Amino acid sequence: MASDKTSQIAIVMGSDSDLPTMQACIDQLKAFGIDPIVRVISAHRTPDVAADFASNAETNGIKVIIAAAGMAAHLAGAMAAQFALPVIGVPMQASTGPNGMDALLSTVQMPPGVPVATVAIGKAGAKNAAVLALQMLAIADKNMNKKIQEFRTAQTKAVIEKDRALGNDKTKIAFGG
Ligand code: RP5
């Protein structure tokens with residue numbers, strides 16, 4: 001069923017079996033105040049829906065599509081074929097096959113001129129897809145840019161705290177200096 005929901009970011013996934021992994025992406029976007037469009041659309045099982053969604057996405061206000069699929073993972077490429085703004089591909093680790101390597105290669109190996117910005121396999125990639133999409137929005141959105149800077153500062157502080165917890169009490173340590 002189509003929905004009237006709008007968002008600058010859409011997440012499409014090949015199967016609902018991808019949702020537990022992609023929840024990391026949804027959560028990261030929501031932490032930045034972005035409520036994404038989330039759809040199950042398959043390049044192979046619902047190809048007409050895939051083409052319709054991607055070809056109308058820009059008109060519907062979508063600026064970045066994040067596409068997750070496993071196995072012969074053609075969904076991100078199918079989106080990129082019809083959508084001229086950024087597509088980020090997240091390779092999924094399916095229950096069978098070589099631990100997501102099949103999906104990684106299927107996602108990343110796009111022909112020149114139709115890129116898919118491909119992140120790592122699984123949950124780490126799902127989270128990074130969200131951060132990358134937010135960074136893309138931050139190019140033209142000062143408020144988002146500020147949030148990204150704050151996110152990175154907090155991340156840096158968290159690592160320094162972990163280092164301190166191991167007994168290292170310097171904030172700028174270069175090879176014991
Ligand atoms: C892909 O095949 C999906 O993205 C999923 O990762 C994988 C398995 O799909 P299901 O059989 O769980 O629907 O199309």
# chains A, B, ... in the order shown; residues from 1 in each chain; ligands from 1
>>> residues_near_ligand(ligand="ligand 1", cutoff="6 Å", atoms="only C-alpha atoms and all ligand atoms", output="ChimeraX atom specification")
/A:13-15,17-18,69-71,92,94
>>> select_by_dssp(residues="region 23-153 of chain A", states="strand (DSSP E)", output="list in words")
Ile37, Val38, Arg39, Val40, Val64, Ile65, Ile66, Ala67, Ala68, Ala69, Gly70, Val87, Ile88, Gly89, Val90, Pro91, Met92, Ala117 and Thr118 of chain A
>>> write_last_selection(atoms="all heavy atoms", output="short mmCIF file (atom, residue, chain, number, x, y, z; two decimals), in the first residue's frame")
data_model
loop_
_atom_site.label_atom_id
_atom_site.label_comp_id
_atom_site.auth_asym_id
_atom_site.auth_seq_id
_atom_site.Cartn_x
_atom_site.Cartn_y
_atom_site.Cartn_z
N ILE A 37 10.98 7.46 5.29
CA ILE A 37 10.05 6.54 4.62
C ILE A 37 10.71 5.16 4.66
O ILE A 37 11.91 5.05 4.35
CB ILE A 37 9.81 6.99 3.16
CG1 ILE A 37 9.04 8.31 3.14
CG2 ILE A 37 9.10 5.91 2.35
CD1 ILE A 37 9.03 9.01 1.80
N VAL A 38 9.99 4.15 5.05
CA VAL A 38 10.55 2.78 5.11
C VAL A 38 9.66 1.86 4.29
O VAL A 38 8.45 1.76 4.56
CB VAL A 38 10.66 2.28 6.57
CG1 VAL A 38 11.25 0.87 6.60
CG2 VAL A 38 11.51 3.22 7.42
N ARG A 39 10.24 1.21 3.29
CA ARG A 39 9.45 0.35 2.39
C ARG A 39 10.14 -0.99 2.19
O ARG A 39 11.37 -1.08 2.20
CB ARG A 39 9.31 1.02 1.02
CG ARG A 39 8.58 2.36 1.01
CD ARG A 39 7.06 2.19 1.12
NE ARG A 39 6.51 1.32 0.08
CZ ARG A 39 6.09 1.74 -1.12
NH1 ARG A 39 6.15 3.03 -1.42
NH2 ARG A 39 5.60 0.89 -1.99
N VAL A 40 9.34 -2.04 2.00
CA VAL A 40 9.85 -3.32 1.50
C VAL A 40 9.54 -3.35 0.01
O VAL A 40 8.37 -3.37 -0.39
CB VAL A 40 9.20 -4.52 2.22
CG1 VAL A 40 9.65 -5.84 1.59
CG2 VAL A 40 9.56 -4.52 3.71
N VAL A 64 17.79 11.38 -0.60
CA VAL A 64 18.72 10.25 -0.54
C VAL A 64 17.91 8.97 -0.37
O VAL A 64 16.99 8.92 0.45
CB VAL A 64 19.70 10.37 0.67
CG1 VAL A 64 20.71 9.22 0.66
CG2 VAL A 64 20.41 11.71 0.69
N ILE A 65 18.26 7.95 -1.14
CA ILE A 65 17.65 6.62 -0.95
C ILE A 65 18.71 5.70 -0.37
O ILE A 65 19.83 5.60 -0.89
CB ILE A 65 17.13 6.03 -2.28
CG1 ILE A 65 15.99 6.88 -2.84
CG2 ILE A 65 16.65 4.58 -2.07
CD1 ILE A 65 15.44 6.39 -4.19
N ILE A 66 18.35 5.03 0.72
CA ILE A 66 19.19 3.98 1.30
C ILE A 66 18.53 2.65 0.92
O ILE A 66 17.34 2.44 1.23
CB ILE A 66 19.28 4.13 2.83
CG1 ILE A 66 19.94 5.47 3.19
CG2 ILE A 66 20.05 2.96 3.44
CD1 ILE A 66 19.85 5.83 4.67
N ALA A 67 19.28 1.79 0.24
CA ALA A 67 18.69 0.54 -0.25
C ALA A 67 19.46 -0.65 0.32
O ALA A 67 20.69 -0.73 0.19
CB ALA A 67 18.74 0.50 -1.78
N ALA A 68 18.73 -1.56 0.97
CA ALA A 68 19.36 -2.73 1.60
C ALA A 68 18.83 -4.00 0.95
O ALA A 68 17.61 -4.15 0.78
CB ALA A 68 19.03 -2.74 3.09
N ALA A 69 19.73 -4.89 0.58
CA ALA A 69 19.30 -6.18 0.04
C ALA A 69 20.41 -7.21 0.24
O ALA A 69 21.59 -6.86 0.41
CB ALA A 69 18.94 -6.07 -1.44
N GLY A 70 20.00 -8.46 0.21
CA GLY A 70 20.95 -9.55 0.35
C GLY A 70 21.00 -10.39 -0.91
O GLY A 70 20.29 -10.13 -1.88
N VAL A 87 22.28 7.40 -3.94
CA VAL A 87 21.78 6.12 -3.45
C VAL A 87 22.89 5.47 -2.63
O VAL A 87 24.04 5.36 -3.09
CB VAL A 87 21.37 5.18 -4.61
CG1 VAL A 87 20.97 3.80 -4.06
CG2 VAL A 87 20.23 5.79 -5.41
N ILE A 88 22.54 5.07 -1.42
CA ILE A 88 23.49 4.38 -0.54
C ILE A 88 23.05 2.93 -0.45
O ILE A 88 21.88 2.64 -0.13
CB ILE A 88 23.51 5.03 0.86
CG1 ILE A 88 23.89 6.51 0.75
CG2 ILE A 88 24.48 4.28 1.78
CD1 ILE A 88 23.73 7.29 2.04
N GLY A 89 23.95 2.02 -0.71
CA GLY A 89 23.63 0.59 -0.67
C GLY A 89 24.16 -0.07 0.59
O GLY A 89 25.31 0.16 0.98
N VAL A 90 23.29 -0.87 1.21
CA VAL A 90 23.70 -1.61 2.41
C VAL A 90 23.59 -3.11 2.12
O VAL A 90 22.48 -3.64 1.97
CB VAL A 90 22.82 -1.28 3.63
CG1 VAL A 90 23.45 -1.86 4.90
CG2 VAL A 90 22.60 0.23 3.77
N PRO A 91 24.71 -3.82 2.00
CA PRO A 91 24.65 -5.26 1.74
C PRO A 91 24.17 -6.02 2.98
O PRO A 91 24.65 -5.77 4.09
CB PRO A 91 26.11 -5.63 1.42
CG PRO A 91 26.84 -4.32 1.24
CD PRO A 91 26.10 -3.31 2.05
N MET A 92 23.23 -6.92 2.78
CA MET A 92 22.68 -7.72 3.87
C MET A 92 23.30 -9.11 3.87
O MET A 92 23.58 -9.68 2.80
CB MET A 92 21.16 -7.88 3.70
CG MET A 92 20.36 -6.61 3.81
SD MET A 92 20.22 -5.96 5.49
CE MET A 92 21.43 -4.66 5.43
N ALA A 117 26.80 4.37 -3.46
CA ALA A 117 27.75 4.54 -2.35
C ALA A 117 27.52 3.38 -1.39
O ALA A 117 26.52 3.34 -0.69
CB ALA A 117 27.51 5.87 -1.65
N THR A 118 28.44 2.43 -1.41
CA THR A 118 28.21 1.17 -0.70
C THR A 118 28.92 1.15 0.65
O THR A 118 30.11 1.45 0.72
CB THR A 118 28.69 -0.01 -1.57
OG1 THR A 118 28.03 0.07 -2.84
CG2 THR A 118 28.38 -1.34 -0.92
#
>>> select_by_dssp(residues="region 50-129 of chain A", states="alpha helix (DSSP H)", output="ChimeraX atom specification")
/A:50-57,75-82,101-108,123-129
>>> write_last_selection(atoms="C-alpha atoms", output="PDB file, in the first residue's frame")
ATOM      1  CA  ALA A  50      10.830  -0.570  -7.561  1.00  0.00           C
ATOM      2  CA  ALA A  51      10.869   1.344 -10.842  1.00  0.00           C
ATOM      3  CA  ASP A  52       7.820   3.396  -9.887  1.00  0.00           C
ATOM      4  CA  PHE A  53       9.203   4.284  -6.454  1.00  0.00           C
ATOM      5  CA  ALA A  54      12.652   5.291  -7.709  1.00  0.00           C
ATOM      6  CA  SER A  55      11.445   7.241 -10.720  1.00  0.00           C
ATOM      7  CA  ASN A  56       9.025   9.313  -8.583  1.00  0.00           C
ATOM      8  CA  ALA A  57      11.239   9.679  -5.514  1.00  0.00           C
ATOM      9  CA  LEU A  75      17.936  -3.189  -5.281  1.00  0.00           C
ATOM     10  CA  ALA A  76      20.346  -0.279  -4.767  1.00  0.00           C
ATOM     11  CA  GLY A  77      21.386  -0.456  -8.412  1.00  0.00           C
ATOM     12  CA  ALA A  78      17.754  -0.567  -9.524  1.00  0.00           C
ATOM     13  CA  MET A  79      17.117   2.578  -7.471  1.00  0.00           C
ATOM     14  CA  ALA A  80      20.203   4.319  -8.898  1.00  0.00           C
ATOM     15  CA  ALA A  81      19.082   3.498 -12.432  1.00  0.00           C
ATOM     16  CA  GLN A  82      15.950   5.633 -11.940  1.00  0.00           C
ATOM     17  CA  MET A 101      30.035 -10.997   0.349  1.00  0.00           C
ATOM     18  CA  ASP A 102      27.652 -11.867  -2.504  1.00  0.00           C
ATOM     19  CA  ALA A 103      25.486  -8.854  -1.607  1.00  0.00           C
ATOM     20  CA  LEU A 104      28.518  -6.575  -1.122  1.00  0.00           C
ATOM     21  CA  LEU A 105      29.805  -7.289  -4.630  1.00  0.00           C
ATOM     22  CA  SER A 106      26.337  -7.135  -6.177  1.00  0.00           C
ATOM     23  CA  THR A 107      25.789  -3.725  -4.561  1.00  0.00           C
ATOM     24  CA  VAL A 108      29.170  -2.108  -5.145  1.00  0.00           C
ATOM     25  CA  LYS A 123      24.362  -3.477  11.148  1.00  0.00           C
ATOM     26  CA  ALA A 124      27.564  -1.401  11.083  1.00  0.00           C
ATOM     27  CA  GLY A 125      26.855  -0.569   7.461  1.00  0.00           C
ATOM     28  CA  ALA A 126      23.209   0.172   8.265  1.00  0.00           C
ATOM     29  CA  LYS A 127      24.238   2.728  10.893  1.00  0.00           C
ATOM     30  CA  ASN A 128      26.865   4.266   8.615  1.00  0.00           C
ATOM     31  CA  ALA A 129      24.333   4.527   5.793  1.00  0.00           C
TER      32      ALA A 129
END
>>> residues_around(residues="region 136-148 of chain A", least_positions_apart="3", cutoff="12 Å", atoms="only C-alpha atoms", output="ChimeraX atom specification")
/A:7-9,28-29,31-34,62-66,85-88,117,129-133,151-155
>>> write_last_selection(atoms="N, CA and C atoms", output="PDB file, in the first residue's frame")
ATOM      1  N   SER A   7       9.445  12.412   3.379  1.00  0.00           N
ATOM      2  CA  SER A   7      10.699  12.526   4.127  1.00  0.00           C
ATOM      3  C   SER A   7      11.811  12.767   3.122  1.00  0.00           C
ATOM      4  N   GLN A   8      12.872  13.379   3.578  1.00  0.00           N
ATOM      5  CA  GLN A   8      14.022  13.588   2.686  1.00  0.00           C
ATOM      6  C   GLN A   8      14.813  12.304   2.481  1.00  0.00           C
ATOM      7  N   ILE A   9      14.607  11.343   3.377  1.00  0.00           N
ATOM      8  CA  ILE A   9      15.351  10.082   3.286  1.00  0.00           C
ATOM      9  C   ILE A   9      14.386   8.908   3.224  1.00  0.00           C
ATOM     10  N   GLN A  28      19.224   5.493  13.937  1.00  0.00           N
ATOM     11  CA  GLN A  28      20.218   6.565  13.804  1.00  0.00           C
ATOM     12  C   GLN A  28      19.603   7.803  13.160  1.00  0.00           C
ATOM     13  N   LEU A  29      18.775   7.585  12.146  1.00  0.00           N
ATOM     14  CA  LEU A  29      18.110   8.727  11.502  1.00  0.00           C
ATOM     15  C   LEU A  29      17.167   9.426  12.480  1.00  0.00           C
ATOM     16  N   ALA A  31      17.400   9.538  15.650  1.00  0.00           N
ATOM     17  CA  ALA A  31      18.189  10.264  16.661  1.00  0.00           C
ATOM     18  C   ALA A  31      18.548  11.665  16.173  1.00  0.00           C
ATOM     19  N   PHE A  32      18.536  11.859  14.876  1.00  0.00           N
ATOM     20  CA  PHE A  32      18.806  13.180  14.290  1.00  0.00           C
ATOM     21  C   PHE A  32      17.514  13.901  13.880  1.00  0.00           C
ATOM     22  N   GLY A  33      16.388  13.365  14.284  1.00  0.00           N
ATOM     23  CA  GLY A  33      15.108  14.022  13.993  1.00  0.00           C
ATOM     24  C   GLY A  33      14.562  13.752  12.607  1.00  0.00           C
ATOM     25  N   ILE A  34      15.112  12.759  11.918  1.00  0.00           N
ATOM     26  CA  ILE A  34      14.602  12.394  10.588  1.00  0.00           C
ATOM     27  C   ILE A  34      13.766  11.119  10.706  1.00  0.00           C
ATOM     28  N   ILE A  62      12.232  13.201  -1.897  1.00  0.00           N
ATOM     29  CA  ILE A  62      13.310  12.375  -1.348  1.00  0.00           C
ATOM     30  C   ILE A  62      14.649  12.851  -1.907  1.00  0.00           C
ATOM     31  N   LYS A  63      15.636  13.016  -0.997  1.00  0.00           N
ATOM     32  CA  LYS A  63      16.956  13.493  -1.427  1.00  0.00           C
ATOM     33  C   LYS A  63      17.995  12.381  -1.438  1.00  0.00           C
ATOM     34  N   VAL A  64      17.791  11.381  -0.600  1.00  0.00           N
ATOM     35  CA  VAL A  64      18.724  10.252  -0.535  1.00  0.00           C
ATOM     36  C   VAL A  64      17.910   8.971  -0.370  1.00  0.00           C
ATOM     37  N   ILE A  65      18.260   7.950  -1.144  1.00  0.00           N
ATOM     38  CA  ILE A  65      17.651   6.621  -0.951  1.00  0.00           C
ATOM     39  C   ILE A  65      18.706   5.697  -0.367  1.00  0.00           C
ATOM     40  N   ILE A  66      18.347   5.029   0.719  1.00  0.00           N
ATOM     41  CA  ILE A  66      19.189   3.980   1.298  1.00  0.00           C
ATOM     42  C   ILE A  66      18.528   2.651   0.925  1.00  0.00           C
ATOM     43  N   LEU A  85      19.726  11.356  -7.710  1.00  0.00           N
ATOM     44  CA  LEU A  85      20.347  11.854  -6.469  1.00  0.00           C
ATOM     45  C   LEU A  85      21.024  10.663  -5.778  1.00  0.00           C
ATOM     46  N   PRO A  86      21.713  10.893  -4.634  1.00  0.00           N
ATOM     47  CA  PRO A  86      22.515   9.795  -4.060  1.00  0.00           C
ATOM     48  C   PRO A  86      21.721   8.562  -3.615  1.00  0.00           C
ATOM     49  N   VAL A  87      22.280   7.405  -3.939  1.00  0.00           N
ATOM     50  CA  VAL A  87      21.778   6.117  -3.448  1.00  0.00           C
ATOM     51  C   VAL A  87      22.888   5.467  -2.631  1.00  0.00           C
ATOM     52  N   ILE A  88      22.539   5.070  -1.419  1.00  0.00           N
ATOM     53  CA  ILE A  88      23.489   4.381  -0.542  1.00  0.00           C
ATOM     54  C   ILE A  88      23.049   2.927  -0.447  1.00  0.00           C
ATOM     55  N   ALA A 117      26.802   4.374  -3.460  1.00  0.00           N
ATOM     56  CA  ALA A 117      27.750   4.538  -2.352  1.00  0.00           C
ATOM     57  C   ALA A 117      27.524   3.380  -1.388  1.00  0.00           C
ATOM     58  N   ALA A 129      25.180   4.024   6.892  1.00  0.00           N
ATOM     59  CA  ALA A 129      24.333   4.527   5.793  1.00  0.00           C
ATOM     60  C   ALA A 129      23.523   5.715   6.281  1.00  0.00           C
ATOM     61  N   ALA A 130      23.012   5.619   7.494  1.00  0.00           N
ATOM     62  CA  ALA A 130      22.248   6.734   8.067  1.00  0.00           C
ATOM     63  C   ALA A 130      23.141   7.951   8.248  1.00  0.00           C
ATOM     64  N   VAL A 131      24.322   7.751   8.824  1.00  0.00           N
ATOM     65  CA  VAL A 131      25.229   8.886   9.063  1.00  0.00           C
ATOM     66  C   VAL A 131      25.633   9.527   7.737  1.00  0.00           C
ATOM     67  N   LEU A 132      25.923   8.711   6.754  1.00  0.00           N
ATOM     68  CA  LEU A 132      26.316   9.240   5.437  1.00  0.00           C
ATOM     69  C   LEU A 132      25.172  10.042   4.805  1.00  0.00           C
ATOM     70  N   ALA A 133      23.960   9.513   4.892  1.00  0.00           N
ATOM     71  CA  ALA A 133      22.798  10.235   4.342  1.00  0.00           C
ATOM     72  C   ALA A 133      22.604  11.577   5.061  1.00  0.00           C
ATOM     73  N   PHE A 151      27.575  15.394  17.005  1.00  0.00           N
ATOM     74  CA  PHE A 151      27.652  13.922  17.028  1.00  0.00           C
ATOM     75  C   PHE A 151      29.114  13.463  17.013  1.00  0.00           C
ATOM     76  N   ARG A 152      29.901  14.102  16.143  1.00  0.00           N
ATOM     77  CA  ARG A 152      31.310  13.703  16.024  1.00  0.00           C
ATOM     78  C   ARG A 152      32.105  14.093  17.272  1.00  0.00           C
ATOM     79  N   THR A 153      31.771  15.248  17.852  1.00  0.00           N
ATOM     80  CA  THR A 153      32.450  15.669  19.085  1.00  0.00           C
ATOM     81  C   THR A 153      32.139  14.681  20.216  1.00  0.00           C
ATOM     82  N   ALA A 154      30.863  14.295  20.321  1.00  0.00           N
ATOM     83  CA  ALA A 154      30.463  13.350  21.372  1.00  0.00           C
ATOM     84  C   ALA A 154      31.158  12.004  21.184  1.00  0.00           C
ATOM     85  N   GLN A 155      31.273  11.590  19.928  1.00  0.00           N
ATOM     86  CA  GLN A 155      31.932  10.326  19.591  1.00  0.00           C
ATOM     87  C   GLN A 155      33.410  10.371  19.993  1.00  0.00           C
TER      88      GLN A 155
END
>>> atom_distance(atom1="CA of Ala84 (chain A)", atom2="CA of Pro115 (chain A)")
9.6 Å
>>> decode(residues="region 117-171 of chain A", atoms="C-alpha atoms", output="short mmCIF file (atom, residue, chain, number, x, y, z; two decimals), in the first residue's frame")
data_model
loop_
_atom_site.label_atom_id
_atom_site.label_comp_id
_atom_site.auth_asym_id
_atom_site.auth_seq_id
_atom_site.Cartn_x
_atom_site.Cartn_y
_atom_site.Cartn_z
CA ALA A 117 27.75 4.54 -2.35
CA THR A 118 28.21 1.17 -0.70
CA VAL A 119 28.74 0.76 3.04
CA ALA A 120 29.78 -2.29 5.07
CA ILE A 121 27.76 -5.50 5.38
CA GLY A 122 25.13 -5.66 8.12
CA LYS A 123 24.36 -3.48 11.15
CA ALA A 124 27.56 -1.40 11.08
CA GLY A 125 26.86 -0.57 7.46
CA ALA A 126 23.21 0.17 8.27
CA LYS A 127 24.24 2.73 10.89
CA ASN A 128 26.86 4.27 8.62
CA ALA A 129 24.33 4.53 5.79
CA ALA A 130 22.25 6.73 8.07
CA VAL A 131 25.23 8.89 9.06
CA LEU A 132 26.32 9.24 5.44
CA ALA A 133 22.80 10.24 4.34
CA LEU A 134 22.65 12.81 7.16
CA GLN A 135 26.03 14.20 6.08
CA MET A 136 24.62 14.57 2.56
CA LEU A 137 21.68 16.57 3.93
CA ALA A 138 24.15 18.63 6.01
CA ILE A 139 25.75 20.02 2.83
CA ALA A 140 22.76 22.32 2.38
CA ASP A 141 21.26 22.26 5.88
CA LYS A 142 23.12 24.30 8.52
CA ASN A 143 21.11 22.86 11.40
CA MET A 144 21.94 19.31 10.31
CA ASN A 145 25.56 20.32 9.85
CA LYS A 146 25.62 21.49 13.49
CA LYS A 147 24.07 18.22 14.66
CA ILE A 148 26.69 16.22 12.73
CA GLN A 149 29.49 18.27 14.32
CA GLU A 150 28.00 17.63 17.78
CA PHE A 151 27.65 13.92 17.03
CA ARG A 152 31.31 13.70 16.02
CA THR A 153 32.45 15.67 19.09
CA ALA A 154 30.46 13.35 21.37
CA GLN A 155 31.93 10.33 19.59
CA THR A 156 35.46 11.68 20.05
CA LYS A 157 34.85 12.37 23.76
CA ALA A 158 33.47 8.84 24.24
CA VAL A 159 36.62 7.28 22.81
CA ILE A 160 38.88 9.52 24.94
CA GLU A 161 36.86 8.46 28.00
CA LYS A 162 37.36 4.80 27.11
CA ASP A 163 41.10 5.45 26.74
CA ARG A 164 41.14 7.22 30.15
CA ALA A 165 39.33 4.26 31.67
CA LEU A 166 42.37 2.19 30.71
CA GLY A 167 44.56 4.57 32.70
CA ASN A 168 45.69 6.84 29.86
CA ASP A 169 45.23 10.39 31.08
CA LYS A 170 46.17 12.51 28.10
CA THR A 171 43.83 14.00 25.54
#
